[in-house]
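Visitor: This is data_35.cif, which holds mmCIF, C-alpha atoms:
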data_upload
loop_
_atom_site.group_PDB
_atom_site.id
_atom_site.type_symbol
_atom_site.label_atom_id
_atom_site.label_comp_id
_atom_site.auth_asym_id
_atom_site.auth_seq_id
_atom_site.Cartn_x
_atom_site.Cartn_y
_atom_site.Cartn_z
ATOM 1 C CA MET A 1 30.138 -101.155 24.135
ATOM 2 C CA SER A 2 33.328 -102.128 22.362
ATOM 3 C CA ASP A 3 35.466 -99.843 20.310
ATOM 4 C CA GLU A 4 34.349 -101.470 17.047
ATOM 5 C CA GLU A 5 30.663 -101.073 17.900
ATOM 6 C CA ARG A 6 31.300 -97.508 18.903
ATOM 7 C CA ARG A 7 33.051 -96.810 15.631
ATOM 8 C CA ASP A 8 30.215 -98.439 13.692
ATOM 9 C CA SER A 9 27.670 -96.349 15.617
ATOM 10 C CA LEU A 10 29.598 -93.179 14.970
ATOM 11 C CA ALA A 11 29.962 -94.111 11.320
ATOM 12 C CA ASP A 12 26.233 -94.683 11.031
ATOM 13 C CA GLN A 13 25.574 -91.361 12.676
ATOM 14 C CA ALA A 14 28.029 -89.637 10.369
ATOM 15 C CA ALA A 15 26.429 -91.274 7.345
ATOM 16 C CA ALA A 16 22.928 -90.358 8.479
ATOM 17 C CA TRP A 17 23.905 -86.776 9.405
ATOM 18 C CA ILE A 18 22.426 -84.102 7.099
ATOM 19 C CA PRO A 19 24.318 -80.859 6.660
ATOM 20 C CA PRO A 20 22.456 -77.753 7.821
ATOM 21 C CA TRP A 21 22.236 -76.248 4.334
ATOM 22 C CA GLU A 22 20.471 -79.409 3.085
ATOM 23 C CA ARG A 23 18.013 -79.635 5.931
ATOM 24 C CA PRO A 24 14.456 -78.427 5.171
ATOM 25 C CA THR A 25 13.898 -75.088 6.792
ATOM 26 C CA PRO A 26 10.731 -74.706 8.826
ATOM 27 C CA PRO A 27 8.194 -72.347 7.255
ATOM 28 C CA ARG A 28 8.319 -68.843 8.646
ATOM 29 C CA ASP A 29 6.344 -65.719 8.040
ATOM 30 C CA GLU A 30 7.966 -63.666 5.385
ATOM 31 C CA PRO A 31 8.403 -60.030 6.383
ATOM 32 C CA ALA A 32 5.848 -57.802 4.825
ATOM 33 C CA GLU A 33 7.059 -55.542 2.099
ATOM 34 C CA PRO A 34 7.897 -52.192 3.606
ATOM 35 C CA PRO A 35 5.422 -49.456 2.695
ATOM 36 C CA VAL A 36 6.302 -46.839 0.152
ATOM 37 C CA GLY A 37 8.228 -44.012 1.755
ATOM 38 C CA ALA A 38 9.214 -46.074 4.825
ATOM 39 C CA SER A 39 12.676 -45.623 6.317
ATOM 40 C CA ASP A 40 15.466 -48.244 6.416
ATOM 41 C CA GLU A 41 15.223 -48.854 10.187
ATOM 42 C CA PRO A 42 12.554 -51.633 10.025
ATOM 43 C CA VAL A 43 14.627 -53.454 7.382
ATOM 44 C CA GLU A 44 17.712 -53.483 9.607
ATOM 45 C CA ALA A 45 15.652 -54.733 12.541
ATOM 46 C CA SER A 46 14.363 -57.681 10.482
ATOM 47 C CA ASP A 47 17.922 -58.792 9.596
ATOM 48 C CA GLU A 48 18.980 -59.558 13.189
ATOM 49 C CA PRO A 49 16.610 -62.499 13.900
ATOM 50 C CA SER A 50 17.448 -64.181 10.592
ATOM 51 C CA ALA A 51 21.173 -63.924 11.238
ATOM 52 C CA GLU A 52 20.854 -65.426 14.727
ATOM 53 C CA ALA A 53 18.627 -68.221 13.441
ATOM 54 C CA SER A 54 21.108 -69.161 10.744
ATOM 55 C CA ASP A 55 24.092 -69.128 13.133
ATOM 56 C CA GLU A 56 22.610 -71.738 15.557
ATOM 57 C CA PRO A 57 22.620 -74.699 13.084
ATOM 58 C CA SER A 58 26.145 -73.815 12.050
ATOM 59 C CA ALA A 59 27.412 -73.976 15.651
ATOM 60 C CA GLU A 60 25.662 -77.303 16.233
ATOM 61 C CA ALA A 61 27.124 -78.788 13.072
ATOM 62 C CA SER A 62 30.597 -77.672 14.072
ATOM 63 C CA ALA A 63 30.267 -79.414 17.459
ATOM 64 C CA ARG A 64 29.140 -82.701 15.884
ATOM 65 C CA ALA A 65 31.928 -82.582 13.327
ATOM 66 C CA ALA A 66 34.478 -82.159 16.101
ATOM 67 C CA ASP A 67 33.147 -85.262 17.896
ATOM 68 C CA LEU A 68 33.374 -87.297 14.707
ATOM 69 C CA THR A 69 36.961 -86.252 14.163
ATOM 70 C CA GLU A 70 38.048 -87.375 17.627
ATOM 71 C CA ALA A 71 36.079 -90.629 17.641
ATOM 72 C CA SER A 72 36.766 -92.368 14.360
ATOM 73 C CA GLY A 73 39.072 -92.317 11.468
ATOM 74 C CA PRO A 74 36.569 -93.686 8.877
ATOM 75 C CA ALA A 75 34.431 -90.666 9.475
ATOM 76 C CA GLY A 76 37.306 -88.553 8.234
ATOM 77 C CA ASP A 77 35.801 -88.726 4.738
ATOM 78 C CA ALA A 78 32.878 -86.657 5.958
ATOM 79 C CA GLU A 79 35.071 -84.350 8.014
ATOM 80 C CA PRO A 80 36.633 -82.405 5.181
ATOM 81 C CA THR A 81 33.224 -82.057 3.590
ATOM 82 C CA ALA A 82 31.708 -80.637 6.761
ATOM 83 C CA ALA A 83 34.767 -78.538 7.561
ATOM 84 C CA SER A 84 35.117 -77.145 4.044
ATOM 85 C CA ALA A 85 31.441 -76.555 3.435
ATOM 86 C CA LEU A 86 30.410 -75.021 6.730
ATOM 87 C CA PRO A 87 32.583 -71.903 6.814
ATOM 88 C CA GLY A 88 31.880 -71.020 3.189
ATOM 89 C CA ASP A 89 28.226 -71.980 3.035
ATOM 90 C CA ALA A 90 27.238 -70.637 6.420
ATOM 91 C CA GLU A 91 27.688 -67.028 5.274
ATOM 92 C CA PRO A 92 24.879 -66.952 2.658
ATOM 93 C CA PRO A 93 22.123 -67.723 5.195
ATOM 94 C CA ALA A 94 23.456 -64.899 7.433
ATOM 95 C CA VAL A 95 22.421 -62.255 4.893
ATOM 96 C CA PRO A 96 18.967 -63.087 3.507
ATOM 97 C CA ALA A 97 18.196 -62.170 -0.042
ATOM 98 C CA ALA A 98 14.784 -60.749 0.687
ATOM 99 C CA PRO A 99 15.983 -57.588 2.483
ATOM 100 C CA GLU A 100 18.458 -56.906 -0.329
ATOM 101 C CA ASP A 101 15.687 -57.136 -2.901
ATOM 102 C CA ALA A 102 13.361 -55.021 -0.759
ATOM 103 C CA GLU A 103 15.882 -52.199 -0.359
ATOM 104 C CA PRO A 104 15.434 -50.764 -3.860
ATOM 105 C CA THR A 105 11.664 -50.752 -3.408
ATOM 106 C CA ALA A 106 11.877 -48.759 -0.153
ATOM 107 C CA GLY A 107 11.521 -45.466 -2.024
ATOM 108 C CA PRO A 108 8.389 -44.489 -3.941
ATOM 109 C CA ALA A 109 9.072 -45.745 -7.449
ATOM 110 C CA PRO A 110 6.231 -43.874 -9.182
ATOM 111 C CA ALA A 111 7.024 -40.547 -7.509
ATOM 112 C CA GLY A 112 10.778 -40.136 -7.882
ATOM 113 C CA GLY A 113 12.405 -43.453 -8.854
ATOM 114 C CA ALA A 114 14.299 -46.036 -6.768
ATOM 115 C CA ASP A 115 17.264 -43.786 -5.996
ATOM 116 C CA GLU A 116 15.156 -40.859 -4.750
ATOM 117 C CA PRO A 117 14.711 -40.624 -0.937
ATOM 118 C CA ALA A 118 11.254 -41.013 0.426
ATOM 119 C CA GLY A 119 11.288 -37.531 2.015
ATOM 120 C CA GLU A 120 12.109 -35.806 -1.274
ATOM 121 C CA GLY A 121 9.429 -37.780 -3.101
ATOM 122 C CA ALA A 122 6.801 -36.783 -0.565
ATOM 123 C CA ALA A 123 7.878 -33.157 -0.777
ATOM 124 C CA ALA A 124 7.648 -33.288 -4.541
ATOM 125 C CA ARG A 125 4.035 -34.416 -4.328
ATOM 126 C CA VAL A 126 3.075 -31.382 -2.230
ATOM 127 C CA PRO A 127 1.351 -28.899 -4.574
ATOM 128 C CA GLY A 128 3.088 -25.521 -4.877
ATOM 129 C CA ARG A 129 1.520 -22.231 -3.944
ATOM 130 C CA GLN A 130 -1.061 -21.267 -6.464
ATOM 131 C CA PRO A 131 -0.641 -17.847 -8.085
ATOM 132 C CA ALA A 132 -2.922 -15.106 -6.933
ATOM 133 C CA PRO A 133 -5.870 -14.449 -9.233
ATOM 134 C CA ARG A 134 -5.431 -11.553 -11.569
ATOM 135 C CA ARG A 135 -7.391 -8.450 -10.833
ATOM 136 C CA ARG A 136 -9.756 -7.315 -13.457
ATOM 137 C CA ALA A 137 -8.793 -4.031 -14.984
ATOM 138 C CA THR A 138 -11.331 -1.361 -14.201
ATOM 139 C CA PRO A 139 -12.762 0.145 -17.343
ATOM 140 C CA ALA A 140 -11.728 3.710 -18.039
ATOM 141 C CA PRO A 141 -14.464 6.262 -17.321
ATOM 142 C CA GLU A 142 -16.314 7.475 -20.322
ATOM 143 C CA PRO A 143 -15.323 10.993 -21.436
ATOM 144 C CA ALA A 144 -17.785 13.742 -20.615
ATOM 145 C CA PRO A 145 -19.912 14.900 -23.503
ATOM 146 C CA VAL A 146 -18.735 18.083 -25.185
ATOM 147 C CA LEU A 147 -21.273 20.890 -24.755
ATOM 148 C CA ASP A 148 -22.024 23.186 -27.636
ATOM 149 C CA ASP A 149 -21.566 26.934 -27.220
ATOM 150 C CA ALA A 150 -25.215 27.672 -26.480
ATOM 151 C CA GLU A 151 -25.475 25.025 -23.756
ATOM 152 C CA LEU A 152 -22.138 26.041 -22.234
ATOM 153 C CA ARG A 153 -23.227 29.680 -22.146
ATOM 154 C CA GLY A 154 -26.502 28.870 -20.407
ATOM 155 C CA ALA A 155 -24.777 26.625 -17.816
ATOM 156 C CA LEU A 156 -22.258 29.342 -16.946
ATOM 157 C CA GLU A 157 -24.968 31.991 -16.545
ATOM 158 C CA ALA A 158 -27.013 29.710 -14.279
ATOM 159 C CA ILE A 159 -24.057 29.053 -11.988
ATOM 160 C CA LEU A 160 -23.020 32.711 -11.830
ATOM 161 C CA LEU A 161 -26.513 33.709 -10.721
ATOM 162 C CA VAL A 162 -26.357 31.586 -7.555
ATOM 163 C CA VAL A 163 -22.758 32.083 -6.395
ATOM 164 C CA ASP A 164 -22.180 34.318 -3.380
ATOM 165 C CA GLU A 165 -18.506 34.949 -4.109
ATOM 166 C CA PRO A 166 -16.317 35.116 -7.216
ATOM 167 C CA VAL A 167 -15.677 31.691 -8.739
ATOM 168 C CA SER A 168 -12.558 30.831 -10.739
ATOM 169 C CA GLU A 169 -12.454 29.517 -14.281
ATOM 170 C CA LEU A 170 -10.888 26.240 -13.095
ATOM 171 C CA THR A 171 -13.778 25.589 -10.696
ATOM 172 C CA LEU A 172 -16.335 26.255 -13.414
ATOM 173 C CA ALA A 173 -14.467 23.919 -15.793
ATOM 174 C CA GLN A 174 -14.425 21.113 -13.199
ATOM 175 C CA VAL A 175 -18.145 21.500 -12.442
ATOM 176 C CA LEU A 176 -19.142 21.465 -16.104
ATOM 177 C CA GLU A 177 -16.508 18.827 -17.026
ATOM 178 C CA GLN A 178 -15.283 20.990 -19.857
ATOM 179 C CA PRO A 179 -11.750 22.158 -20.679
ATOM 180 C CA ALA A 180 -10.709 25.443 -19.107
ATOM 181 C CA GLU A 181 -9.591 26.649 -22.539
ATOM 182 C CA ARG A 182 -13.277 26.872 -23.539
ATOM 183 C CA VAL A 183 -14.596 28.331 -20.277
ATOM 184 C CA GLY A 184 -12.347 31.428 -20.221
ATOM 185 C CA PRO A 185 -13.176 32.714 -23.715
ATOM 186 C CA MET A 186 -16.878 31.997 -23.163
ATOM 187 C CA LEU A 187 -16.879 34.144 -19.985
ATOM 188 C CA ASP A 188 -15.244 36.999 -21.891
ATOM 189 C CA GLU A 189 -17.885 36.656 -24.583
ATOM 190 C CA ILE A 190 -20.705 36.717 -22.022
ATOM 191 C CA ALA A 191 -19.258 39.818 -20.330
ATOM 192 C CA ALA A 192 -18.941 41.600 -23.676
ATOM 193 C CA GLY A 193 -22.517 40.659 -24.572
ATOM 194 C CA TYR A 194 -23.914 42.092 -21.324
ATOM 195 C CA THR A 195 -22.057 45.349 -21.862
ATOM 196 C CA ALA A 196 -23.166 45.675 -25.486
ATOM 197 C CA ALA A 197 -26.792 44.924 -24.598
ATOM 198 C CA GLY A 198 -26.853 47.608 -21.869
ATOM 199 C CA HIS A 199 -28.102 45.363 -19.069
ATOM 200 C CA GLY A 200 -28.344 46.705 -15.546
ATOM 201 C CA PHE A 201 -25.721 44.186 -14.454
ATOM 202 C CA GLU A 202 -22.358 43.135 -15.766
ATOM 203 C CA LEU A 203 -19.972 40.191 -15.494
ATOM 204 C CA ARG A 204 -16.455 41.079 -14.430
ATOM 205 C CA ARG A 205 -13.405 39.652 -12.741
ATOM 206 C CA ALA A 206 -13.073 40.173 -8.994
ATOM 207 C CA ALA A 207 -10.857 38.552 -6.350
ATOM 208 C CA GLY A 208 -9.407 36.059 -8.830
ATOM 209 C CA GLY A 209 -12.779 34.907 -10.154
ATOM 210 C CA TRP A 210 -15.955 35.892 -11.965
ATOM 211 C CA ARG A 211 -19.181 37.326 -10.532
ATOM 212 C CA LEU A 212 -22.203 39.341 -11.616
ATOM 213 C CA TYR A 213 -22.368 42.957 -10.362
ATOM 214 C CA THR A 214 -24.789 45.818 -10.826
ATOM 215 C CA ARG A 215 -23.663 48.642 -13.040
ATOM 216 C CA PRO A 216 -22.357 51.808 -11.371
ATOM 217 C CA GLU A 217 -24.933 54.022 -13.122
ATOM 218 C CA TYR A 218 -27.707 52.186 -11.309
ATOM 219 C CA ALA A 219 -26.021 52.301 -7.899
ATOM 220 C CA THR A 220 -28.414 54.939 -6.472
ATOM 221 C CA TYR A 221 -31.414 52.746 -7.125
ATOM 222 C CA VAL A 222 -29.725 49.721 -5.628
ATOM 223 C CA GLU A 223 -28.699 51.680 -2.530
ATOM 224 C CA ARG A 224 -32.240 52.958 -2.071
ATOM 225 C CA PHE A 225 -33.563 49.407 -2.234
ATOM 226 C CA VAL A 226 -30.906 47.768 -0.071
ATOM 227 C CA LEU A 227 -30.314 50.392 2.585
ATOM 228 C CA ASP A 228 -33.876 51.682 3.124
ATOM 229 C CA GLY A 229 -32.908 53.536 6.301
ATOM 230 C CA GLN A 230 -30.721 50.710 7.620
ATOM 231 C CA SER A 231 -27.408 52.139 6.616
ATOM 232 C CA VAL A 232 -24.456 50.377 8.245
ATOM 233 C CA ARG A 233 -21.311 52.219 7.304
ATOM 234 C CA LEU A 234 -17.741 52.236 8.527
ATOM 235 C CA THR A 235 -16.624 55.135 10.652
ATOM 236 C CA GLN A 236 -13.977 57.587 9.519
ATOM 237 C CA ALA A 237 -11.425 55.913 11.812
ATOM 238 C CA ALA A 238 -12.258 52.508 10.357
ATOM 239 C CA LEU A 239 -11.904 53.768 6.792
ATOM 240 C CA GLU A 240 -8.528 55.350 7.553
ATOM 241 C CA THR A 241 -7.258 52.200 9.243
ATOM 242 C CA LEU A 242 -8.522 50.055 6.373
ATOM 243 C CA ALA A 243 -6.757 52.321 3.867
ATOM 244 C CA VAL A 244 -3.461 52.041 5.762
ATOM 245 C CA ILE A 245 -3.714 48.263 5.845
ATOM 246 C CA ALA A 246 -4.663 48.086 2.158
ATOM 247 C CA TYR A 247 -1.648 50.130 0.994
ATOM 248 C CA LYS A 248 0.911 48.956 3.570
ATOM 249 C CA GLN A 249 -0.019 45.284 3.975
ATOM 250 C CA PRO A 250 1.238 43.219 5.602
ATOM 251 C CA VAL A 251 1.600 45.653 8.481
ATOM 252 C CA THR A 252 1.694 45.429 12.281
ATOM 253 C CA ARG A 253 -0.721 47.089 14.675
ATOM 254 C CA SER A 254 1.954 49.367 16.077
ATOM 255 C CA ARG A 255 2.881 50.568 12.592
ATOM 256 C CA ILE A 256 -0.755 51.418 11.865
ATOM 257 C CA SER A 257 -1.022 53.357 15.112
ATOM 258 C CA ALA A 258 2.212 55.219 14.300
ATOM 259 C CA ILE A 259 0.889 56.253 10.879
ATOM 260 C CA ARG A 260 -2.478 57.419 12.190
ATOM 261 C CA GLY A 261 -1.107 58.844 15.436
ATOM 262 C CA VAL A 262 -3.729 57.133 17.615
ATOM 263 C CA ASN A 263 -4.349 53.728 19.109
ATOM 264 C CA CYS A 264 -6.051 51.465 16.560
ATOM 265 C CA ASP A 265 -6.687 48.304 18.600
ATOM 266 C CA GLY A 266 -10.471 48.706 18.740
ATOM 267 C CA VAL A 267 -10.776 49.684 15.088
ATOM 268 C CA ILE A 268 -8.733 46.686 13.962
ATOM 269 C CA ARG A 269 -10.952 44.350 15.973
ATOM 270 C CA THR A 270 -13.988 45.859 14.224
ATOM 271 C CA LEU A 271 -12.460 45.336 10.770
ATOM 272 C CA VAL A 272 -11.562 41.742 11.620
ATOM 273 C CA SER A 273 -15.114 41.032 12.818
ATOM 274 C CA ARG A 274 -16.504 42.482 9.566
ATOM 275 C CA GLY A 275 -14.285 40.137 7.553
ATOM 276 C CA LEU A 276 -12.373 42.940 5.816
ATOM 277 C CA VAL A 277 -9.023 42.342 7.559
ATOM 278 C CA GLU A 278 -7.280 39.163 8.757
ATOM 279 C CA GLU A 279 -4.060 38.089 10.450
ATOM 280 C CA CYS A 280 -1.312 36.736 8.203
ATOM 281 C CA GLY A 281 1.563 35.649 10.452
ATOM 282 C CA THR A 282 4.025 37.467 12.701
ATOM 283 C CA GLU A 283 6.918 39.825 12.184
ATOM 284 C CA PRO A 284 10.297 38.028 12.469
ATOM 285 C CA ASP A 285 11.989 40.731 14.591
ATOM 286 C CA SER A 286 9.321 41.671 17.119
ATOM 287 C CA GLY A 287 6.901 38.756 16.839
ATOM 288 C CA ALA A 288 3.959 41.164 16.402
ATOM 289 C CA PHE A 289 0.943 40.056 14.364
ATOM 290 C CA LEU A 290 0.698 41.149 10.745
ATOM 291 C CA TYR A 291 -2.571 42.198 9.101
ATOM 292 C CA ARG A 292 -3.794 42.234 5.499
ATOM 293 C CA THR A 293 -7.025 42.704 3.600
ATOM 294 C CA THR A 294 -9.296 39.770 2.752
ATOM 295 C CA THR A 295 -11.051 38.546 -0.355
ATOM 296 C CA MET A 296 -14.250 40.160 0.876
ATOM 297 C CA PHE A 297 -12.479 43.520 0.784
ATOM 298 C CA LEU A 298 -11.765 43.009 -2.910
ATOM 299 C CA GLU A 299 -15.359 41.905 -3.521
ATOM 300 C CA LYS A 300 -16.828 44.974 -1.836
ATOM 301 C CA LEU A 301 -14.623 47.306 -3.853
ATOM 302 C CA GLY A 302 -15.022 45.298 -7.070
ATOM 303 C CA LEU A 303 -11.277 44.752 -7.496
ATOM 304 C CA ASN A 304 -9.438 41.731 -8.833
ATOM 305 C CA SER A 305 -6.326 42.295 -6.682
ATOM 306 C CA VAL A 306 -4.750 44.965 -4.473
ATOM 307 C CA ALA A 307 -2.667 46.001 -7.472
ATOM 308 C CA ASP A 308 -5.850 47.565 -8.887
ATOM 309 C CA LEU A 309 -6.064 50.053 -6.004
ATOM 310 C CA PRO A 310 -5.798 53.661 -7.191
ATOM 311 C CA PRO A 311 -2.417 55.346 -6.615
ATOM 312 C CA LEU A 312 -2.047 57.630 -3.580
ATOM 313 C CA ALA A 313 0.048 60.323 -5.242
ATOM 314 C CA PRO A 314 -2.905 62.354 -6.607
ATOM 315 C CA PHE A 315 -4.458 62.451 -3.114
ATOM 316 C CA LEU A 316 -1.389 63.617 -1.218
ATOM 317 C CA PRO A 317 -0.947 67.329 -0.395
ATOM 318 C CA ASP A 318 1.783 69.300 -2.113
ATOM 319 C CA ASP A 319 3.618 70.188 1.095
ATOM 320 C CA VAL A 320 4.098 66.667 2.407
ATOM 321 C CA GLU A 321 7.704 67.288 3.388
ATOM 322 C CA GLU A 322 6.743 70.443 5.300
ATOM 323 C CA LEU A 323 4.056 68.543 7.162
ATOM 324 C CA ALA A 324 6.494 65.795 7.974
ATOM 325 C CA ASP A 325 9.015 68.303 9.352
ATOM 326 C CA ALA A 326 6.339 69.978 11.423
ATOM 327 C CA THR A 327 5.350 66.727 13.095
ATOM 328 C CA ARG A 328 8.940 65.976 14.171
#
Using the file provided, produce a representation of the structure as structure tokens.
Guide:
Amino acid sequence: MSDEERRDSLADQAAAWIPPWERPTPPRDEPAEPPVGASDEPVEASDEPSAEASDEPSAEASARAADLTEASGPAGDAEPTAASALPGDAEPPAVPAAPEDAEPTAGPAPAGGADEPAGEGAAARVPGRQPAPRRRATPAPEPAPVLDDAELRGALEAILLVVDEPVSELTLAQVLEQPAERVGPMLDEIAAGYTAAGHGFELRRAAGGWRLYTRPEYATYVERFVLDGQSVRLTQAALETLAVIAYKQPVTRSRISAIRGVNCDGVIRTLVSRGLVEECGTEPDSGAFLYRTTTMFLEKLGLNSVADLPPLAPFLPDDVEELADATR
């Protein structure tokens, strides 16, 4: 082949050559639109194949343009076109427009807008903790009905007939669901009524409470009915020991023995078993047990407190000091 034929062939090839940007691109599967809330990693991965595919035609066009430049001068008209168009036009295919358009739609538009990250949008859709249900207020108890004086008097008398120990005004008020300010005056009124009517029993205070007792003038009849030959009485030693404890309480066993001049261990055990005396702690110095009278002691004597005990002065002999000197 001569040089002229070669030039003509190269010129025909140059004339028939189609730039890469004008060539019809083969159909390819468009990447599916990324799901809502998807991350940017799949989008970056889809950019790499498109960039490589667009770079291959550009390299091939550059090689053909170089051959045309060396072979013929007439083809120089096409050379500047290929040389000037390739570098500038090859860049747009490298970055496809589809990924750029898909980037704003990567986030969930309905949830938080295009600029909101997918993680924040998903967290915003999570329902918050529901408040705890309110508790229903319990209705206040209905107030107890107020008893009239006649009904209150009968209720108090019925309770006092069955008690086996003195009962306080507060306990009676709680049982009857009535104010204590009404119970106290009503008990005084009942006691005054029994005394005025001359009943064989009376209502009086004893051991911090109220209880029904027989009247002293009918004591002989009550003793005859209750004792009936089964008299159980305290011995003289027990009565003396009980008197010492009543007036000197709280007192130790050794102090009682010193006052009486005899050992009182057995007598004290008897009084404790009868429920008339009880222990009430220890003495700080010696650690000995202390003894005092019980509520039963007050009940048996019909006293409200130990302060109601009769004074000892009228029962003491006139020559107490002489007796004390004689015992030394």
Visitor: For A:Gly208, work out the shell of residues within 12 Å, counting only C-alpha atoms and skipping chain neighbours fewer than 3 positions away, then give it as a list in words.
Guide: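 Neighbouring residues, sequence-local ones excluded: Glu165, Pro166, Val167, Ser168, Glu169, Leu170, Thr171, Arg204, Arg205, Arg211, Thr295, Met296, Leu298, Glu299, Gly302, Leu303, Asn304, Ser305 and Val306 of chain A.
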Visitor: Quick one: residues within 12 Å of stretch 241-243 of chain A, all atoms listed in the file, excluding same-chain residues fewer than 2 positions away - as a VMD selection string?
Guide: chain A and resid 234 to 239 245 to 272 274 to 278 291 to 294 297 306 309 to 312
Visitor: Find the spatial neighbours of stretch 155-164 of chain A, counting only C-alpha atoms, within a cut-off of 12 Å - ignore same-chain residues fewer than 4 positions away - and output them as a PDB file with C-alpha atoms, keeping the file's coordinate frame.
Guide:
ATOM      1  CA  LEU A 147     -21.273  20.890 -24.755  1.00  0.00           C
ATOM      2  CA  ASP A 148     -22.024  23.186 -27.636  1.00  0.00           C
ATOM      3  CA  ASP A 149     -21.566  26.934 -27.220  1.00  0.00           C
ATOM      4  CA  ALA A 150     -25.215  27.672 -26.480  1.00  0.00           C
ATOM      5  CA  GLU A 151     -25.475  25.025 -23.756  1.00  0.00           C
ATOM      6  CA  SER A 168     -12.558  30.831 -10.739  1.00  0.00           C
ATOM      7  CA  GLU A 169     -12.454  29.517 -14.281  1.00  0.00           C
ATOM      8  CA  THR A 171     -13.778  25.589 -10.696  1.00  0.00           C
ATOM      9  CA  LEU A 172     -16.335  26.255 -13.414  1.00  0.00           C
ATOM     10  CA  ALA A 173     -14.467  23.919 -15.793  1.00  0.00           C
ATOM     11  CA  GLN A 174     -14.425  21.113 -13.199  1.00  0.00           C
ATOM     12  CA  VAL A 175     -18.145  21.500 -12.442  1.00  0.00           C
ATOM     13  CA  LEU A 176     -19.142  21.465 -16.104  1.00  0.00           C
ATOM     14  CA  GLU A 177     -16.508  18.827 -17.026  1.00  0.00           C
ATOM     15  CA  GLN A 178     -15.283  20.990 -19.857  1.00  0.00           C
ATOM     16  CA  ARG A 182     -13.277  26.872 -23.539  1.00  0.00           C
ATOM     17  CA  VAL A 183     -14.596  28.331 -20.277  1.00  0.00           C
ATOM     18  CA  GLY A 184     -12.347  31.428 -20.221  1.00  0.00           C
ATOM     19  CA  PRO A 185     -13.176  32.714 -23.715  1.00  0.00           C
ATOM     20  CA  MET A 186     -16.878  31.997 -23.163  1.00  0.00           C
ATOM     21  CA  LEU A 187     -16.879  34.144 -19.985  1.00  0.00           C
ATOM     22  CA  ASP A 188     -15.244  36.999 -21.891  1.00  0.00           C
ATOM     23  CA  GLU A 189     -17.885  36.656 -24.583  1.00  0.00           C
ATOM     24  CA  ILE A 190     -20.705  36.717 -22.022  1.00  0.00           C
ATOM     25  CA  ALA A 191     -19.258  39.818 -20.330  1.00  0.00           C
ATOM     26  CA  TYR A 194     -23.914  42.092 -21.324  1.00  0.00           C
ATOM     27  CA  PHE A 201     -25.721  44.186 -14.454  1.00  0.00           C
ATOM     28  CA  GLU A 202     -22.358  43.135 -15.766  1.00  0.00           C
ATOM     29  CA  LEU A 203     -19.972  40.191 -15.494  1.00  0.00           C
ATOM     30  CA  ARG A 204     -16.455  41.079 -14.430  1.00  0.00           C
ATOM     31  CA  ARG A 205     -13.405  39.652 -12.741  1.00  0.00           C
ATOM     32  CA  GLY A 209     -12.779  34.907 -10.154  1.00  0.00           C
ATOM     33  CA  TRP A 210     -15.955  35.892 -11.965  1.00  0.00           C
ATOM     34  CA  ARG A 211     -19.181  37.326 -10.532  1.00  0.00           C
ATOM     35  CA  LEU A 212     -22.203  39.341 -11.616  1.00  0.00           C
ATOM     36  CA  TYR A 213     -22.368  42.957 -10.362  1.00  0.00           C
ATOM     37  CA  MET A 296     -14.250  40.160   0.876  1.00  0.00           C
ATOM     38  CA  GLU A 299     -15.359  41.905  -3.521  1.00  0.00           C
TER      39      GLU A 299
END
Visitor: How many Å lie between atom CA of A:Ser273 and atom CA of A:Leu290, rounded to one decimal?
Guide: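 Interatomic distance, atom CA of A:Ser273 to atom CA of A:Leu290: 15.9 Å.
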Visitor: How many Å separate atom CA of A:Glu223 from atom CA of A:Gly154?
Guide: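 Computed distance, atom CA of A:Glu223 to atom CA of A:Gly154, equals 29.1 Å.
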Visitor: Find the distance between atom CA of A:Arg23 and atom CA of A:Leu10 and write it in Å to one decimal.
Guide: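 Taking atom CA of A:Arg23 and atom CA of A:Leu10, their separation equals 20.0 Å.
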Visitor: Restricting the calculation to all atoms listed in the file: of A:Ala206, A:Thr214, A:Phe225, A:Pro145, which residue gets closest to A:Asp308?
Guide: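 Residue with the minimum atom-to-atom distance to A:Asp308: A:Ala206.
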